[in-house]
Every structure is written in structure tokens, then in C-alpha cells.
Amino acid sequence: MPGTRGISLFIVPKKLVDTEGQFTGERNDVALAGLNHKCGWRGTTNTLLNFGEGRYPVRGGAGAIGYLVGQPGEGLRCMFHMMNEARIGVGLAATMLGVAGYEASLAYARQRPQGRPITEGGKDASRPQVPIVQHADVKRMLLAQKAYAEGALALALYCARLVDEQHTGAPEAAAEAALLLEVLTPIAKSFPSQWCLEANSLAIQVLGGYGYTRDFPVEQYWRDNRLNMIHEGTHGIQALDLLGRKVVMQGGAGLKLLATRITDTLQRAGQVDGLAELASELGGALQRLGAATKAAWATGVPEEALANATPYLQAFGHVVIAWIWLDVALTARASADAARRQGALAACRYFFAYELPLVDAWLRVVATREPVCREMDEAWF
Ligand SMILES: Cc1cc2nc3c(=O)[nH]c(=O)nc-3n(C[C@H](O)[C@H](O)[C@H](O)COP(=O)(O)OP(=O)(O)OC[C@H]3O[C@@H](n4cnc5c(N)ncnc54)[C@H](O)[C@@H]3O)c2cc1C
């Protein structure tokens, strides 16, 4: 059968076993084609395998022996047993690299003296240099990393809780958790993969020339993190999954449920000095996200809607992380640790001031079904 319904899942062992699970002494026709020489993750081996090409003939001929798992044609469905949680795992791995780069660059910025503060009379060369953490532009790079990485971490933990609720909650709560996970999984995977990678790039920048050397770990974090937009479904595939399937499934039930959860937070934040304005900004962005979703599908032509699936994914991700930050800021207000509290509030403010406005640029091409990418002819490149 053509398409994904033609995919079946097999176990293909390197060494064959009998029905009791004992080795028969036969080698299966699975051959190592070679090693992949990767940009990052150099501590792990990654290989290309050839199956059944006759390098190790089995029982007189070419062809590997495989054992069917599940039913024929159900391979993709079986694979998705592990895939959804694996995608959250990829997001968490990207997040931890983002956190590691943030911590390394923060430690460096606190001890690297360079430059002097800008005062009313300009720079005073007779004054001592200050650690670079005191420059506004370095703080910008550190705040961006904090906002991306800690925002992504809070989302990953929220999704992990939903996974638990899906298995252990009362039937209604379990069903809601499952529905929320449908729409949030592409975000839990794609947001950290993209923005914690950007965080790692900023960590390199904070270290200046040293950031580009192997004397410090940040260049490795970037190389390792670059994988996460590629494996377990590329960034573009997450986007198609979100706009093509997740937000339209069951008449948009997942998106509506998420909007209800976001609105709960908006109502709570709306009562709080300093957060009410952010709540109203996010409320506007949420409304425009809903309108753009409808506009993308207004003609009902998938090719038109999905041509801008990636900007949609990015806008969606930023709305979700803004919501998560607002929720974190509400909770952080109760913290007795003043630095922790102020840090969380500053990262939340940073995300709303510098990142949330990007949503409108992404949504504009979605809502107008901007055709330039899909209409671009191969010959014109
Ligand atoms: C280090 C590493 C480890 C890996 N480990 C494993 C593993 O353990 N097991 C495993 O099974 N796989 C593994 N992979 C494979 C990985 O999952 C794939 O590389 C990944 O899913 C992308 O598939 P692809 O390489 O075939 O790219 P392609 O599918 O060729 O994609 C190339 C580009 O085209 C875009 N694209 C493709 N199709 C469409 C479409 N229909 N519409 C729009 N855009 C499209 C993609 O988004 C991407 O940008 C690993 C890869 C790497 C690099």
C-alpha cells in the first residue's frame, strides 16, 4: 500500500535466534555501511545500516530476516507509541543544553573585565574596567538565554505532568491531558530545538573570541543542540503536524482547550499590578493566533494553508512560552528569595518586550496565506 499505511515495523537482529530465543549461530544480512561523521554528539556512534543487500547471505540468499511487530501496515502507529514522549525528550535535551550554555556564559560574564560604564560625561578611562555582566547588551544576551531556556524547561515539566495525568488522572482529566499533549508536543519539541540553539549561539557571543574556541564548552553545546531541529521529526514536519493535523483535529478541540487554560492564567494575571498589562498583550496575541488559524484554512486548500506552517509553529510556540512565563511570574511573586523572584519577573518582561511582538510578523504571512514560497519556481533559484 502506498504512503504511511504501507509501513510495517520489524525487529531485525544482527544474529538470528530460534523460537526459544537461543542463538542459532547464523549471521543476519545486516551490514554496517559506514559511520556518520557528525557536527556534534561526537561521543556517540551513529551508523548507516544496509539491510538484505547480500553482504551476509542468509540461508543461501540475500535478504535480511525480520520479525513483524504488531500488524502489517501499522508500523507508523506502533512507532508513535514512543515518538510522542520521545519528542518531549528531545525538547528537554535541547533545553538542558540551553541551560548549560546560560550557566557557562553567566559565570564567564561575571568574571571577565572589559569596558567601562557609560556615564553622563561618556567613558572615563581612569576608572577600572567592569565585568561584562554589567553591560546592558550582555545582560540582553543573558536574559534572552534565561527566557528561552527556563521558559522551555517550565513547558517540558508541564508536558511531563500531562503525560502522568494522561495515565493516572480521572477519565475527564486524562482525556484533557491527552488532548493538550496533542497540540503541545510539537511545541515542546520545536521551541527548545530552535530557541535554546539560539541561546547557545548567544552563549558563544557572550564569551567573545573564547566562545569560538574549544577551550570553553559553549561551542560544543551549539553543535550538539543543532541536531534537535532535525531528528525525531524535523522542524518543518512539526509545523505540518501542528497546523495540518493538531489544531484542526476534533473541530479544533485541542486549540480551544489550550485557549481556555491560557485564559485562566490571563484572568489571574489581570488582577496583578505589573502583570495585567502583559496579560492583555498575550490576550491579543492569542486572539490573533486563533484568527490566523481560521484564515490559513479559509479556502480549505491544504497547499495554501501549509505553505506557511513553520511561521505558524513559531508564532504558536511564542504564544505558549509567553503564557508559561506569565504563569511562572505569578508563582514567583510568592518566592521569599528576592533575586529569584526579580529574575523570574525580569525574564518574563524580557520575553514579552522582545519576543512576543515577533508573533505578529509570523502570523501575517499565515493569515494572508502568503504565496511566495509555494509559487517560487524551481528554475528561478
Ligand atoms: C545524529 C543523528 C541520529 C539519528 N538517530 C536516528 C535513530 O536512532 N533512529 C532513526 O530512525 N533515525 C535517526 N536519525 C534520522 C533522523 O530522524 C532523520 O535524519 C530526520 O527525521 C530527518 O529525515 P531525513 O534526514 O530523511 O531528512 P529529509 O526528510 O530528507 O528532510 C530534509 C528537509 O526537507 C524537509 N522536508 C521533508 N519532507 C517535507 C515535506 N513533506 N514538506 C515540507 N518539508 C519537508 C525537512 O523538514 C528537512 O528540512 C538520526 C539522525 C541524526 C542526524
# chains A, B, ... in the order shown; residues from 1 in each chain; ligands from 1
>>> residues_near_ligand(ligand="ligand 1", cutoff="12 Å", atoms="only C-alpha atoms and all ligand atoms", output="number ranges by chain")
A: 3, 9, 35-49, 76, 79-80, 82-83, 86-87, 90, 190, 223-241, 244, 302-303, 306-310, 373-374
>>> closest_atom_pairs(of="range 113-201 of chain A", to="range 346-361 of chain A", cutoff="8 Å", atoms="only C-alpha atoms", output="CSV")
residue,atom,partner,partner_atom,distance
A:Leu143,CA,A:Ala347,CA,6.0
A:Ala144,CA,A:Tyr350,CA,7.3
A:Lys146,CA,A:Ala347,CA,6.6
A:Ala147,CA,A:Ala347,CA,5.1
>>> select_by_dssp(residues="range 104-231 of chain A", states="strand (DSSP E or B)", output="PyMOL selection string")
chain A and resi 113+119+122+131
>>> select_by_dssp(residues="range 15-223 of chain A", states="helix (DSSP H, G or I)", output="VMD selection string")
chain A and resid 75 to 111 132 to 134 136 to 168 171 to 206 208 to 212 218 to 223
>>> write_last_selection(atoms="C-alpha atoms", output="compact mmCIF listing (two decimals), in the first residue's frame")
# COMPACT_ATOMS: atom_id res chain seq x y z
CA GLY A 75 4.34 0.39 11.66
CA LEU A 76 3.96 4.14 11.95
CA ARG A 77 1.25 3.79 14.61
CA CYS A 78 3.48 1.42 16.62
CA MET A 79 6.40 3.81 16.28
CA PHE A 80 4.28 6.67 17.63
CA HIS A 81 3.93 4.76 20.93
CA MET A 82 7.38 6.00 21.72
CA MET A 83 7.50 9.03 19.42
CA ASN A 84 5.31 11.49 21.33
CA GLU A 85 7.21 11.13 24.58
CA ALA A 86 10.48 10.94 22.64
CA ARG A 87 9.69 14.35 21.13
CA ILE A 88 9.21 15.84 24.59
CA GLY A 89 12.53 14.18 25.49
CA VAL A 90 14.25 15.86 22.52
CA GLY A 91 12.83 19.20 23.66
CA LEU A 92 14.13 18.58 27.18
CA ALA A 93 17.60 17.68 25.84
CA ALA A 94 17.64 20.91 23.80
CA THR A 95 16.52 22.79 26.92
CA MET A 96 19.29 21.35 29.10
CA LEU A 97 21.90 22.40 26.54
CA GLY A 98 20.31 25.87 26.61
CA VAL A 99 20.54 25.93 30.41
CA ALA A 100 24.16 24.67 30.33
CA GLY A 101 25.17 27.44 27.89
CA TYR A 102 23.36 30.03 30.00
CA GLU A 103 25.18 28.97 33.17
CA ALA A 104 28.59 28.81 31.45
CA SER A 105 28.21 32.23 29.83
CA LEU A 106 26.82 33.79 33.02
CA ALA A 107 29.81 32.52 35.02
CA TYR A 108 32.18 33.89 32.35
CA ALA A 109 30.41 37.27 32.15
CA ARG A 110 30.71 37.67 35.94
CA GLN A 111 34.50 37.35 35.89
CA ILE A 132 30.98 42.40 31.16
CA VAL A 133 27.86 41.19 33.01
CA GLN A 134 27.31 44.87 33.88
CA ALA A 136 23.22 46.23 29.12
CA ASP A 137 23.92 44.40 25.84
CA VAL A 138 25.49 41.45 27.67
CA LYS A 139 22.53 41.38 30.07
CA ARG A 140 20.29 41.29 26.99
CA MET A 141 22.06 38.16 25.77
CA LEU A 142 21.88 36.55 29.19
CA LEU A 143 18.21 37.46 29.66
CA ALA A 144 17.37 36.01 26.24
CA GLN A 145 19.06 32.73 27.21
CA LYS A 146 17.27 32.67 30.57
CA ALA A 147 13.92 33.42 28.92
CA TYR A 148 14.34 30.72 26.25
CA ALA A 149 15.86 28.01 28.44
CA GLU A 150 13.87 28.40 31.64
CA GLY A 151 10.65 29.00 29.66
CA ALA A 152 11.31 25.81 27.70
CA LEU A 153 12.08 23.93 30.93
CA ALA A 154 8.78 25.02 32.51
CA LEU A 155 6.92 23.86 29.38
CA ALA A 156 8.72 20.48 29.39
CA LEU A 157 7.79 19.97 33.05
CA TYR A 158 4.17 20.93 32.32
CA CYS A 159 4.08 18.40 29.46
CA ALA A 160 5.66 15.73 31.68
CA ARG A 161 2.86 16.35 34.19
CA LEU A 162 0.29 15.98 31.41
CA VAL A 163 1.88 12.65 30.41
CA ASP A 164 1.43 11.47 34.01
CA GLU A 165 -2.16 12.76 34.18
CA GLN A 166 -2.93 11.01 30.93
CA HIS A 167 -2.07 7.70 32.62
CA THR A 168 -3.20 8.31 36.19
CA PRO A 171 -11.17 9.88 32.98
CA GLU A 172 -12.08 13.50 32.17
CA ALA A 173 -8.72 14.91 33.35
CA ALA A 174 -6.84 12.13 31.50
CA ALA A 175 -8.72 12.92 28.27
CA GLU A 176 -7.97 16.63 28.63
CA ALA A 177 -4.29 15.91 29.29
CA ALA A 178 -4.15 13.75 26.15
CA LEU A 179 -5.80 16.48 24.06
CA LEU A 180 -3.47 19.20 25.38
CA LEU A 181 -0.47 16.97 24.66
CA GLU A 182 -1.59 16.62 21.06
CA VAL A 183 -1.17 20.37 20.48
CA LEU A 184 1.69 20.99 22.89
CA THR A 185 4.03 18.16 21.84
CA PRO A 186 5.13 19.85 18.58
CA ILE A 187 5.87 22.99 20.64
CA ALA A 188 7.68 21.12 23.43
CA LYS A 189 9.92 19.71 20.69
CA SER A 190 10.32 22.65 18.33
CA PHE A 191 10.57 25.65 20.67
CA PRO A 192 13.64 24.44 22.62
CA SER A 193 15.22 22.98 19.46
CA GLN A 194 15.12 26.39 17.79
CA TRP A 195 15.45 28.86 20.64
CA CYS A 196 17.77 27.01 23.02
CA LEU A 197 20.02 26.63 19.97
CA GLU A 198 19.80 30.40 19.60
CA ALA A 199 20.56 30.59 23.34
CA ASN A 200 23.73 28.54 22.73
CA SER A 201 24.72 30.91 19.92
CA LEU A 202 24.27 33.82 22.35
CA ALA A 203 26.36 31.96 24.95
CA ILE A 204 29.18 31.82 22.38
CA GLN A 205 28.68 35.55 21.75
CA VAL A 206 28.92 36.39 25.46
CA GLY A 208 33.50 36.68 22.52
CA GLY A 209 36.55 35.09 20.83
CA TYR A 210 36.88 32.46 23.54
CA GLY A 211 33.35 31.32 22.75
CA TYR A 212 34.52 30.20 19.34
CA VAL A 218 29.78 26.57 24.64
CA GLU A 219 30.73 25.79 21.02
CA GLN A 220 30.08 22.11 21.76
CA TYR A 221 26.67 22.88 23.23
CA TRP A 222 25.72 24.65 19.99
CA ARG A 223 26.98 21.78 17.81
>>> closest_residue(among="A:Gly284, A:Gly6, A:Gly21, A:Gly60", to="Pro72 in chain A", atoms="only C-alpha atoms")
A:Gly6
>>> atom_distance(atom1="CA of Ala315 in chain A", atom2="CA of Trp362 in chain A")
5.9 Å
>>> decode(residues="range 29-70 of chain A", atoms="N, CA and C atoms", output="PDB file, in the first residue's frame")
ATOM      1  N   ASP A  29      21.489 -10.721   7.456  1.00  0.00           N
ATOM      2  CA  ASP A  29      22.028  -9.887   6.366  1.00  0.00           C
ATOM      3  C   ASP A  29      21.846  -8.398   6.691  1.00  0.00           C
ATOM      4  N   VAL A  30      22.506  -7.997   7.770  1.00  0.00           N
ATOM      5  CA  VAL A  30      22.506  -6.585   8.176  1.00  0.00           C
ATOM      6  C   VAL A  30      23.959  -6.141   8.179  1.00  0.00           C
ATOM      7  N   ALA A  31      24.274  -5.126   7.382  1.00  0.00           N
ATOM      8  CA  ALA A  31      25.691  -4.741   7.248  1.00  0.00           C
ATOM      9  C   ALA A  31      25.889  -3.278   7.595  1.00  0.00           C
ATOM     10  N   LEU A  32      27.027  -3.003   8.203  1.00  0.00           N
ATOM     11  CA  LEU A  32      27.396  -1.626   8.505  1.00  0.00           C
ATOM     12  C   LEU A  32      27.868  -0.956   7.218  1.00  0.00           C
ATOM     13  N   ALA A  33      27.127   0.089   6.793  1.00  0.00           N
ATOM     14  CA  ALA A  33      27.538   0.786   5.562  1.00  0.00           C
ATOM     15  C   ALA A  33      28.633   1.797   5.888  1.00  0.00           C
ATOM     16  N   GLY A  34      28.630   2.309   7.101  1.00  0.00           N
ATOM     17  CA  GLY A  34      29.674   3.271   7.475  1.00  0.00           C
ATOM     18  C   GLY A  34      29.261   4.095   8.668  1.00  0.00           C
ATOM     19  N   LEU A  35      30.211   4.865   9.170  1.00  0.00           N
ATOM     20  CA  LEU A  35      29.932   5.762  10.300  1.00  0.00           C
ATOM     21  C   LEU A  35      29.502   7.114   9.756  1.00  0.00           C
ATOM     22  N   ASN A  36      28.623   7.813  10.481  1.00  0.00           N
ATOM     23  CA  ASN A  36      28.313   9.210  10.150  1.00  0.00           C
ATOM     24  C   ASN A  36      29.254  10.101  10.952  1.00  0.00           C
ATOM     25  N   HIS A  37      29.923  11.008  10.279  1.00  0.00           N
ATOM     26  CA  HIS A  37      30.852  11.910  10.976  1.00  0.00           C
ATOM     27  C   HIS A  37      30.090  13.194  11.289  1.00  0.00           C
ATOM     28  N   LYS A  38      29.635  13.289  12.525  1.00  0.00           N
ATOM     29  CA  LYS A  38      28.630  14.292  12.891  1.00  0.00           C
ATOM     30  C   LYS A  38      29.230  15.635  13.291  1.00  0.00           C
ATOM     31  N   CYS A  39      28.378  16.661  13.150  1.00  0.00           N
ATOM     32  CA  CYS A  39      28.723  18.023  13.596  1.00  0.00           C
ATOM     33  C   CYS A  39      28.893  18.050  15.120  1.00  0.00           C
ATOM     34  N   GLY A  40      27.989  17.394  15.827  1.00  0.00           N
ATOM     35  CA  GLY A  40      28.037  17.342  17.292  1.00  0.00           C
ATOM     36  C   GLY A  40      27.874  15.901  17.770  1.00  0.00           C
ATOM     37  N   TRP A  41      27.570  15.742  19.048  1.00  0.00           N
ATOM     38  CA  TRP A  41      27.394  14.404  19.636  1.00  0.00           C
ATOM     39  C   TRP A  41      28.528  13.471  19.226  1.00  0.00           C
ATOM     40  N   ARG A  42      29.758  13.977  19.333  1.00  0.00           N
ATOM     41  CA  ARG A  42      30.873  13.167  18.846  1.00  0.00           C
ATOM     42  C   ARG A  42      31.219  12.038  19.807  1.00  0.00           C
ATOM     43  N   GLY A  43      30.642  12.060  20.992  1.00  0.00           N
ATOM     44  CA  GLY A  43      30.892  10.973  21.939  1.00  0.00           C
ATOM     45  C   GLY A  43      30.024   9.756  21.677  1.00  0.00           C
ATOM     46  N   THR A  44      29.080   9.856  20.743  1.00  0.00           N
ATOM     47  CA  THR A  44      28.229   8.700  20.449  1.00  0.00           C
ATOM     48  C   THR A  44      28.456   8.271  19.008  1.00  0.00           C
ATOM     49  N   THR A  45      28.298   6.966  18.773  1.00  0.00           N
ATOM     50  CA  THR A  45      28.494   6.433  17.429  1.00  0.00           C
ATOM     51  C   THR A  45      27.172   6.462  16.688  1.00  0.00           C
ATOM     52  N   ASN A  46      27.197   6.877  15.442  1.00  0.00           N
ATOM     53  CA  ASN A  46      25.986   6.912  14.627  1.00  0.00           C
ATOM     54  C   ASN A  46      26.341   6.258  13.299  1.00  0.00           C
ATOM     55  N   THR A  47      25.548   5.276  12.912  1.00  0.00           N
ATOM     56  CA  THR A  47      25.929   4.479  11.740  1.00  0.00           C
ATOM     57  C   THR A  47      24.803   4.407  10.720  1.00  0.00           C
ATOM     58  N   LEU A  48      25.177   4.011   9.541  1.00  0.00           N
ATOM     59  CA  LEU A  48      24.217   3.742   8.476  1.00  0.00           C
ATOM     60  C   LEU A  48      24.219   2.228   8.266  1.00  0.00           C
ATOM     61  N   LEU A  49      23.033   1.604   8.264  1.00  0.00           N
ATOM     62  CA  LEU A  49      22.977   0.148   8.095  1.00  0.00           C
ATOM     63  C   LEU A  49      22.340  -0.197   6.757  1.00  0.00           C
ATOM     64  N   ASN A  50      22.825  -1.251   6.134  1.00  0.00           N
ATOM     65  CA  ASN A  50      22.162  -1.796   4.941  1.00  0.00           C
ATOM     66  C   ASN A  50      21.500  -3.117   5.331  1.00  0.00           C
ATOM     67  N   PHE A  51      20.264  -3.262   4.922  1.00  0.00           N
ATOM     68  CA  PHE A  51      19.523  -4.489   5.232  1.00  0.00           C
ATOM     69  C   PHE A  51      19.323  -5.302   3.958  1.00  0.00           C
ATOM     70  N   GLY A  52      19.695  -6.584   4.009  1.00  0.00           N
ATOM     71  CA  GLY A  52      19.337  -7.524   2.935  1.00  0.00           C
ATOM     72  C   GLY A  52      19.986  -7.270   1.596  1.00  0.00           C
ATOM     73  N   GLU A  53      21.187  -6.712   1.591  1.00  0.00           N
ATOM     74  CA  GLU A  53      21.822  -6.439   0.300  1.00  0.00           C
ATOM     75  C   GLU A  53      22.837  -7.517  -0.090  1.00  0.00           C
ATOM     76  N   GLY A  54      22.818  -8.630   0.645  1.00  0.00           N
ATOM     77  CA  GLY A  54      23.631  -9.782   0.239  1.00  0.00           C
ATOM     78  C   GLY A  54      25.040  -9.810   0.788  1.00  0.00           C
ATOM     79  N   ARG A  55      25.373  -8.859   1.656  1.00  0.00           N
ATOM     80  CA  ARG A  55      26.727  -8.863   2.234  1.00  0.00           C
ATOM     81  C   ARG A  55      26.911 -10.107   3.115  1.00  0.00           C
ATOM     82  N   TYR A  56      25.851 -10.485   3.844  1.00  0.00           N
ATOM     83  CA  TYR A  56      25.896 -11.691   4.685  1.00  0.00           C
ATOM     84  C   TYR A  56      24.693 -12.563   4.296  1.00  0.00           C
ATOM     85  N   PRO A  57      24.827 -13.310   3.211  1.00  0.00           N
ATOM     86  CA  PRO A  57      23.671 -14.098   2.744  1.00  0.00           C
ATOM     87  C   PRO A  57      23.128 -14.996   3.863  1.00  0.00           C
ATOM     88  N   VAL A  58      21.814 -15.070   3.965  1.00  0.00           N
ATOM     89  CA  VAL A  58      21.183 -15.903   4.995  1.00  0.00           C
ATOM     90  C   VAL A  58      20.505 -17.075   4.304  1.00  0.00           C
ATOM     91  N   ARG A  59      20.776 -18.251   4.772  1.00  0.00           N
ATOM     92  CA  ARG A  59      20.130 -19.467   4.249  1.00  0.00           C
ATOM     93  C   ARG A  59      20.157 -19.489   2.722  1.00  0.00           C
ATOM     94  N   GLY A  60      21.309 -19.151   2.188  1.00  0.00           N
ATOM     95  CA  GLY A  60      21.531 -19.305   0.746  1.00  0.00           C
ATOM     96  C   GLY A  60      21.204 -18.107  -0.115  1.00  0.00           C
ATOM     97  N   GLY A  61      20.780 -16.995   0.453  1.00  0.00           N
ATOM     98  CA  GLY A  61      20.467 -15.858  -0.428  1.00  0.00           C
ATOM     99  C   GLY A  61      20.539 -14.521   0.286  1.00  0.00           C
ATOM    100  N   ALA A  62      20.434 -13.475  -0.518  1.00  0.00           N
ATOM    101  CA  ALA A  62      20.401 -12.129   0.052  1.00  0.00           C
ATOM    102  C   ALA A  62      19.031 -11.903   0.681  1.00  0.00           C
ATOM    103  N   GLY A  63      18.966 -11.001   1.655  1.00  0.00           N
ATOM    104  CA  GLY A  63      17.674 -10.669   2.288  1.00  0.00           C
ATOM    105  C   GLY A  63      17.752 -10.902   3.781  1.00  0.00           C
ATOM    106  N   ALA A  64      17.553  -9.840   4.535  1.00  0.00           N
ATOM    107  CA  ALA A  64      17.594  -9.962   5.995  1.00  0.00           C
ATOM    108  C   ALA A  64      16.290 -10.564   6.502  1.00  0.00           C
ATOM    109  N   ILE A  65      16.384 -11.294   7.602  1.00  0.00           N
ATOM    110  CA  ILE A  65      15.170 -11.843   8.227  1.00  0.00           C
ATOM    111  C   ILE A  65      14.722 -10.867   9.318  1.00  0.00           C
ATOM    112  N   GLY A  66      13.454 -10.471   9.234  1.00  0.00           N
ATOM    113  CA  GLY A  66      12.910  -9.554  10.239  1.00  0.00           C
ATOM    114  C   GLY A  66      11.659 -10.150  10.844  1.00  0.00           C
ATOM    115  N   TYR A  67      11.313  -9.717  12.053  1.00  0.00           N
ATOM    116  CA  TYR A  67      10.130 -10.239  12.744  1.00  0.00           C
ATOM    117  C   TYR A  67       9.129  -9.108  12.893  1.00  0.00           C
ATOM    118  N   LEU A  68       7.938  -9.341  12.382  1.00  0.00           N
ATOM    119  CA  LEU A  68       6.907  -8.303  12.379  1.00  0.00           C
ATOM    120  C   LEU A  68       6.483  -7.955  13.815  1.00  0.00           C
ATOM    121  N   VAL A  69       6.415  -6.652  14.104  1.00  0.00           N
ATOM    122  CA  VAL A  69       5.891  -6.187  15.397  1.00  0.00           C
ATOM    123  C   VAL A  69       4.517  -5.582  15.116  1.00  0.00           C
ATOM    124  N   GLY A  70       3.492  -6.037  15.802  1.00  0.00           N
ATOM    125  CA  GLY A  70       2.129  -5.527  15.550  1.00  0.00           C
ATOM    126  C   GLY A  70       1.601  -6.062  14.225  1.00  0.00           C
TER     127      GLY A  70
END
